[in-house]
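Asker: Here's a structure for you.
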Amino acid sequence: MNELNIKIGGAAGQGLQSAGFLLGKSFVRAGHFVFAIQDAMSRIRGGHNFFQLRVSDQPIAAMTARPDIVIALDRESVEEHEPELVSGGILLFDAEASRRTGEATHRFYVPFKELAAESGGRAVHANSVALGAVFGLLDFDLNIARKLIRELFAGQDAVQTNIKALDAGYNYARDKRPNGFSRRIAVIEATRRMFLTGSEAIALGAIAANCRFMSAYPMSPSTSIITYLANQEAQADIVTEQAEDEIAAVNMAFGASLAGVRSMTATSGGGLALMVETLSLLGASEVPLVIVDCQRPGPATGLPTRTEQSDLFFVIHAGHGEFARVVLAPGNAEQAFYDMVRAFNLADRFQVPVVVLSDQYLCDSYFTVDPFDLSKVAYETSLLATDQLERAESYLRYQDTDTGVSPRAYPNQSDHIVMTDSHEHDESGFMADDAATRVKMHQKRLRKIERIRATNPGPESFSQGECKRTIVGWGSTREILFETAHRLSLEGDNTAVVHFDEIWPFPQQAAKLLLKDKTNTVVVENNATGQLAKLIAAYTGYNETKRILRYDGRPFMVDELVEQIKGNLRP
Amino acid sequence: MNELNIKIGGAAGQGLQSAGFLLGKSFVRAGHFVFAIQDAMSRIRGGHNFFQLRVSDQPIAAMTARPDIVIALDRESVEEHEPELVSGGILLFDAEASRRTGEATHRFYVPFKELAAESGGRAVHANSVALGAVFGLLDFDLNIARKLIRELFAGQDAVQTNIKALDAGYNYARDKRPNGFSRRIAVIEATRRMFLTGSEAIALGAIAANCRFMSAYPMSPSTSIITYLANQEAQADIVTEQAEDEIAAVNMAFGASLAGVRSMTATSGGGLALMVETLSLLGASEVPLVIVDCQRPGPATGLPTRTEQSDLFFVIHAGHGEFARVVLAPGNAEQAFYDMVRAFNLADRFQVPVVVLSDQYLCDSYFTVDPFDLSKVAYETSLLATDQLERAESYLRYQDTDTGVSPRAYPNQSDHIVMTDSHEHDESGFMADDAATRVKMHQKRLRKIERIRATNPGPESFSQGECKRTIVGWGSTREILFETAHRLSLEGDNTAVVHFDEIWPFPQQAAKLLLKDKTNTVVVENNATGQLAKLIAAYTGYNETKRILRYDGRPFMVDELVEQIKGNLRP
Amino acid sequence: MTNGNEYEKRTTAWCPGCGNFAILDSVKESLEAMNKKPREVLLIGGIGQASKLPQYLSANSLCTLHGRALPAATGAKIGNTSLTVVAFCGDGDCYGEGGNHFIHAIRRNIDITVLVHNNQVYGLTQGQASPSSDMGFTTKVQPQGVRSTPLSGPALAVALGCGFVARGFAGNKAQLISLIQEGIRHRGFSLIEVIQPCPSMNRHNTFGWYKERIRDLQSEWKHDSSNRTAAFERALLWGETIPVGIFYRSEEGRTFESRIPILNNGPLVKRPLRRREVTEKLIEAFI
Amino acid sequence: MTNGNEYEKRTTAWCPGCGNFAILDSVKESLEAMNKKPREVLLIGGIGQASKLPQYLSANSLCTLHGRALPAATGAKIGNTSLTVVAFCGDGDCYGEGGNHFIHAIRRNIDITVLVHNNQVYGLTQGQASPSSDMGFTTKVQPQGVRSTPLSGPALAVALGCGFVARGFAGNKAQLISLIQEGIRHRGFSLIEVIQPCPSMNRHNTFGWYKERIRDLQSEWKHDSSNRTAAFERALLWGETIPVGIFYRSEEGRTFESRIPILNNGPLVKRPLRRREVTEKLIEAFI
Ligand SMILES: Cc1ncc(C[n+]2csc(CCOP(=O)(O)OP(=O)(O)O)c2C)c(N)n1
Ligand SMILES: Cc1ncc(C[n+]2csc(CCOP(=O)(O)OP(=O)(O)O)c2C)c(N)n1
Ligand code: SF4
Ligand code: SF4
Ligand SMILES: [Mg+2]
Ligand SMILES: [Mg+2]
């Protein structure tokens, strides 16, 4: 495996994301796999942010801690990230960006701003110069990046300025290339892979699933989902609406779903907290809905731009009273896409709310994936066919059935009227207060839980050969776990992985079976209390002992996790 | 034990509650123990409601199913409740109230309306006639009721009309007393016991605990708490405010608490759902608060006037992110009172939210209890003494300490300013974003969990002799469990009880110890999924098998539960 | 349940003498007069006495959460623009718990009609103050009397630029029926506040109390309903006189739906299932 | 942390050129001019760029949840009436997420002062429309432009009977300082909307855009701030001209605090711990 880790540091407003994106996508177009994370403070200008890419000729979707190349767009980035460089790594910096203009071989001075100015750009074009310099340093085919810039800024003046700045950086780096640095990135082959974030995958999944309405209230890190969809209204024939608050957001989506339209909302934990009453309403009214919770560190406002997996227990139990729900926790962009389809199908088939748990790490990270396979996308519904409904003598919205699922119709689908209700009600949807109806209808609704569980494929499990250790996780850490296990196994330390995606209703039997004779089990979670570990203990009786928990708002790094598991690094 | 079960049935608006209250309190004044439940539909007039009292010469606080006396204020009550009568029981009814004016010996016709009219009252005074008739039938000293009416309606015209109607009913019953009925209620002794509802006990507890502010939004069955306190504003030196919604309610209480004043709110599950974001805020900001959740059957609007214990998992896990909280679930009016005091003390000592779980059954039921013992009421706080604070050189609102609890001060308490924050923050309360501060402060807050658990007295356990069976429950079912066990034990079927009041942080060790060698364990809950049973399984590994669950919105009846446990009655 | 071709009324859980009966009748008669079939109509309530209305008339109905009728109505209308959506809220439901939605639903100007049954009290929860309760009104929870200024829903609506702002009275069915029809006909958000005496829980603002004070905007003030300032001033009147009629009407504002190009192609719910090409195209953009 | 006797400003996380700096300065100068000690002052923000202000001035502070500054401020004031409570909200914070509290806090007329930093955009979340964004304003989430009518906070406040309704401009510190002082002095709820250019996220309503349009109520219209109707009409003006100054002022409304008899005995927080007698008396009533 040939790989390179590049970190671009700078202040908010310096265009880290577009630089990082360009860099990554150029390598992807050249046949490489790129995984990238974004690290930002909660501010619009200033502060210290970074964008970090890992480029490999093998499929990867997790990060390692230490960069081979640091591009420092400001002084703070030099101070923060120079010490992180691997030996043999290199720092690209502007004199202005640092007081230390030393002669150390790992330092490569590139006059970002000066070159930007020379090529007719402004300070913000410093990032294009820096990009060019990296490409130059790596002897990478610049035409790929040039083409990309032309596509991205099609028809805008920015094309020329950016390309000029890019070229300037490139030429400078080729000319002044430092001796010590010999790494190169070659063009492998022209491949057709997607380079996209988890949020984009989620949004695409919704479109593929025939979602036609999304309402949301802005909240990091979820806003990128409605942002994407709002920009595809015409193309994707979908309506998006920014609501006045999260309560309105979820209730609008509820209203549209009731009207027969697949609908969704997305938010973060704090916004989800405001949707809890409506979650319970979805349970009572049996209106399907998909809610995406993009987790960030809590409690309360917490660290608004950072990552955490701490809403698991919350979403499993949120809402007063008892009702069925599904919780999915995709492990990467690909799973995010297919899970959204599955979420809409499950919501629709079982007439329940489905919560998809993402987090800042999954939402904001860039993945390299094969184009999504639309032949795998099915459309499963409990909506009655209109002709069937028209032929029916009568219609009961909440008909008691073996499965607990009643035939669904929407208003004005036929002459049959449709009653939807938040009270306890009879089969037709009239409020009811007597004990017998209550028991019947409550049982009907709760019966769905076991039916849903039966469709749960169970946790994913991977092992090769005899394994002395199993690492277990859920949601966005999937790729970290897999690569960690892979690395350990390569070192002869065979490690199995168990990963939970469809986590609720908890796949009790499958989990028990998988874990029952595992001895050395390590649960890895991005939270402080070990929620999955507790869930496993609660539902399988399996009380594994080791937990590696990270709750500083930052994602796990594969190399660090390997060391932690080997016991060499304190978590 | 000499006891009598009386059921008053009628429509909303017929004054069932005041009749039942008068009846009950009269017996309490005469030295009896009275427990009463209220069963109402969600409407203001009409429908079918009942008020049921159990009167005993021994302490009781649970209900039995079948009445000895039914007072039917309308026809529906005859139809509903006549069949429930025990053999030897009696039905008091007005001819108008029933088509069946048969001659059966258990039927006692009393012309409620006619007598009311004769005594100068209106239709609503029929209930006073009915009351009088019951007293007459039971040969009870009418002066007690007369005195009570004078106290209750002091200075109003209602006094005379009611007393006249009462007398008329009394005389009628004494004159026409049916032969078959021989039950009497005598005056035992003049005792000083309280006759009050769970809600009143909760409100009184808040006052005893020095609560000075309550904001709430009306929601059954919680409204009675603010209703009581609003009427004591001047006497109890407390401010109450009806908020525009539950979010405002909890945030006002939060603001007042931050200002240094003990504060609370109360709601039901649906309202609590709207407070969830603020629950998390309380976790982050470490502002103490007491929130009472008066449960009712969900999901959503559910059965708004009925009872359920289905918010346990919800309140334990509500809120995004991870933080400490306490959940108390009092088992009767007395525990409700002392638990409120404990709730305020725990909230204040640990600077955490405390949720007190009540339900419609506990809130609306009347209990007979000895006057609360105020010598048991302590005041425990983490607020710094003002003089100490004034002498301090500096003040850090979120100072990192061994216990996780920081010294608390309120704005304008001294020259030291006080910063409160919902973001991750440093010890002084400044927003912070770096990993080290995050980890330090998060650990500080989470450290409180074990400290709180250490103060948890654990579940209450009762057994006598060798027990082959243990019944387990939480919250409002306490008295039902105890009396059920007592009855079984009397039958030679020795039964132990384990009851959870302080249920979160879960008293893991204590529960394990208590349950470890129990064999035949039955968990009894007013919900459909067995939440306590699951909690026990999760935290003790103890997977008891039997569950008796009731989720038709009605409370357990002791006699029925006994039969269910013996296996004679299907749950 | 019922066949969606004629309206049936159902047994209610309201108190005898409640103003809601007249409102229910007026709604039924209005819909019938407009030849709206029950299948085309979606009646939405929050939670409260007023909000039970949808259950009492055989049309498509939703009883949702307290305060949340308007966002649900908005979503439903977006989902299926072929529906005539009418919401029924209490004063607590709409101005209290749902106050924020009230503001923003008006801003959106989506084509729905909202009846706010204003009984100046929380009926279903047995008589607490509502946002429109008179200052000083005493209840069990406000034993010293209400200490906040009552709000005027119509005045707020005028301030927010609502294109149809009216007030009716449960004691005047003829006018109410005409207001409801005009409201439904108005393209965009229509607010009709209905004065609804609650004999059980509000003994202060009784039928007689209202009757004495109610004045018709037209006959009393020769009100020009195109004059926003006049509408504002009269919407604030309360006490000695209580104006009823149309405060403000303007057909100028474009509806929310009309601003969403894709909604011109008919109801969203009728869109064929054709996602593959769309998704493929979007996927392409990521390559 | 800091000793509560003088105000220190702290390093902010705002962008260069942000209108918030002038507001921060104005608040500091106003409080100093009024001789309010930091210990007596409680600054409350929701969440947003505006709402970070309390962290940047050394007084008692609370940064609470998005949209919830007003109920927290209300509770804090009830808890301790000796505090001067000033809230800082964004337009999204106060008119969007917190819209319902805005309405009802005004109805209560509790003695707090609220500054709404109106930049017509969601700043902190990187530029979505706010409830006061101009119709048609394009953002990443509104690429076709805003499709709802913007609301006027001051017009709503006038409709709700707020006793002090003003608008300032971050580009006119002198006036802003005077408005803040008047707002704090006003007994009851005071609303001061502050036009606050956001150069980073709102490129449409720039400093220059505002500057051109802003007109002083006094000098331009000879506005009589005791005239509620005139206040309403001018509070609705937006576009060609944007009025600043005091729209409406009335000292007639009694404050919420003054209606609560027990608050006459000083701050609740200072009440001695003397519950035993009280509780005993209440217990007696149940016997
Ligand atoms: C979230 C929530 N809070 C509170 C309630 C309790 N509740 C039911 S109806 C109602 C208010 C009723 O008043 P209004 O809206 O004026 O309707 P009315 O009964 O007077 O017609 C309240 C507070 C609820 N159902 N849900
Ligand atoms: C419940 C909740 N929803 C959403 C957010 C995300 N959020 C933070 S600030 C903000 C809006 C910022 O706009 P505004 O209130 O106008 O303040 P500004 O930043 O423009 O000063 C939002 C939506 C949040 N923190 N909490
Ligand atoms: S309580 Fe009032 S509003 Fe409710 S049904 Fe009775 S009279 Fe009508
Ligand atoms: S984004 Fe706008 S409001 Fe926020 S700090 Fe920057 S300029 Fe100011
Ligand atoms: Mg009402
Ligand atoms: Mg803003």
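Identifiers in this document derive from the order of the structure tokens: chains are assigned A, B, ..., residues are numbered from 1 separately in each chain, and ligands are numbered from 1 in order of occurrence.
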Show me, as CSV, the residues of chain A having an atom within 7 Å of chain B, each with the closest atom pair and its distance in Å, using only C-alpha atoms.
Answerer:
residue,atom,partner,partner_atom,distance
A:Gly269,CA,B:His320,CA,5.0
A:Gly270,CA,B:Glu277,CA,5.7
A:Ala273,CA,B:Glu277,CA,4.9
A:Leu274,CA,B:Leu274,CA,5.7
A:Val276,CA,B:Ala273,CA,5.3
A:Glu277,CA,B:Ala273,CA,4.9
A:Ser280,CA,B:Ala300,CA,5.1
A:Leu281,CA,B:Ala300,CA,4.7
A:Gly283,CA,B:Pro299,CA,6.3
A:Ala284,CA,B:Pro299,CA,5.3
A:Pro297,CA,B:Gly321,CA,6.2
A:Gly298,CA,B:Gly321,CA,4.0
A:Pro299,CA,B:Gly321,CA,4.3
A:Ala300,CA,B:Leu281,CA,4.7
A:Thr301,CA,B:His423,CA,4.6
A:Gly302,CA,B:His423,CA,4.2
A:Leu303,CA,B:Glu424,CA,6.0
A:Ser310,CA,B:Gly321,CA,5.1
A:Asp311,CA,B:His320,CA,5.4
A:Phe313,CA,B:His317,CA,6.0
A:Phe314,CA,B:His317,CA,5.1
A:His317,CA,B:Phe314,CA,5.1
A:Ala318,CA,B:Phe314,CA,5.4
A:Gly319,CA,B:Phe314,CA,6.1
A:His320,CA,B:Gly269,CA,5.0
A:Gly321,CA,B:Gly298,CA,4.0
A:Glu322,CA,B:Pro299,CA,5.9
A:Phe323,CA,B:Pro299,CA,6.6
A:Ser422,CA,B:Thr301,CA,5.3
A:His423,CA,B:Gly302,CA,4.2
A:Glu424,CA,B:Gly302,CA,4.7
A:Asp433,CA,B:Leu303,CA,6.4
A:Ala435,CA,B:Asp552,CA,4.8
A:Arg438,CA,B:Asp552,CA,5.7
A:Val439,CA,B:Asp552,CA,5.5
A:Ala537,CA,B:Ala538,CA,6.3
A:Ala538,CA,B:Ala538,CA,3.6
A:Tyr539,CA,B:Ala538,CA,6.8
A:Gly541,CA,B:Gly541,CA,6.0
A:Tyr551,CA,B:Val439,CA,6.8
A:Asp552,CA,B:Ala435,CA,4.8
A:Gly553,CA,B:Ala435,CA,6.9
Asker: Give me, as an NGL selection string, the set of residues whose atoms come within 9 Å of any atom of ligand 1, counting only C-alpha atoms and all ligand atoms.
Answerer: (:A and (277)) or (:B and (217-220 or 223 or 245-246 or 267-274 or 300-301 or 304)) or (:C and (20 or 46-52 or 65-67 or 89-97 or 116-132 or 196 or 198 or 201))
Asker: Tell me as number ranges by chain which residues belonging to chain D come within 10 Å of chain C, counting only C-alpha atoms.
Answerer: D: 95-110, 131, 144-162, 228-230, 232-233, 235-236, 253-261
Asker: Between C:Ser178, C:Ser133, C:Thr12, C:Gln55, single out the one closest to chain A, counting only C-alpha atoms.
Answerer: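 That would be C:Gln55, the residue with the smallest distance to chain A.
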Asker: Please, which residues of chain A lie no more than 6 Å from chain D when the count uses only C-alpha atoms, and can they be set out as a list in words?
Answerer: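 Residues of chain A within 6 Å of chain D, counting only C-alpha atoms: Arg45, Thr227, Ala230, Glu244 and Asp245 of chain A.
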Asker: Could you write out that same residue set with N, CA, C and O atoms as a CSV table (one decimal), in the first residue's frame?
Answerer:
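Result file result_7.csv:
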chain,number,residue,atom,x,y,z
A,45,ARG,N,-14.6,33.3,10.7
A,45,ARG,CA,-13.3,33.8,10.3
A,45,ARG,C,-12.3,33.6,11.4
A,45,ARG,O,-12.7,33.6,12.6
A,227,THR,N,-28.8,21.5,2.5
A,227,THR,CA,-28.1,22.4,1.6
A,227,THR,C,-28.0,21.7,0.2
A,227,THR,O,-28.3,22.2,-0.8
A,230,ALA,N,-31.6,21.3,-1.3
A,230,ALA,CA,-32.2,22.5,-1.7
A,230,ALA,C,-31.7,22.9,-3.1
A,230,ALA,O,-32.4,23.6,-3.9
A,244,GLU,N,-39.1,27.2,11.0
A,244,GLU,CA,-38.8,28.2,12.0
A,244,GLU,C,-38.1,27.7,13.2
A,244,GLU,O,-37.5,28.4,13.9
A,245,ASP,N,-38.3,26.4,13.4
A,245,ASP,CA,-37.6,25.7,14.5
A,245,ASP,C,-37.7,24.2,14.2
A,245,ASP,O,-38.3,23.8,13.2
Asker: Just list the residues in range 292-348 of chain A DSSP gives helix (DSSP H, G or I) on the backbone, as a list in words.
Answerer: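 Across range 292-348 of chain A, those assigned helix (DSSP H, G or I) are Leu312, Phe313, Phe314, Val315, Ile316, His317, Ala333, Glu334, Gln335, Ala336, Phe337, Tyr338, Asp339, Met340, Val341, Arg342, Ala343, Phe344, Asn345, Leu346, Ala347 and Asp348 of chain A.
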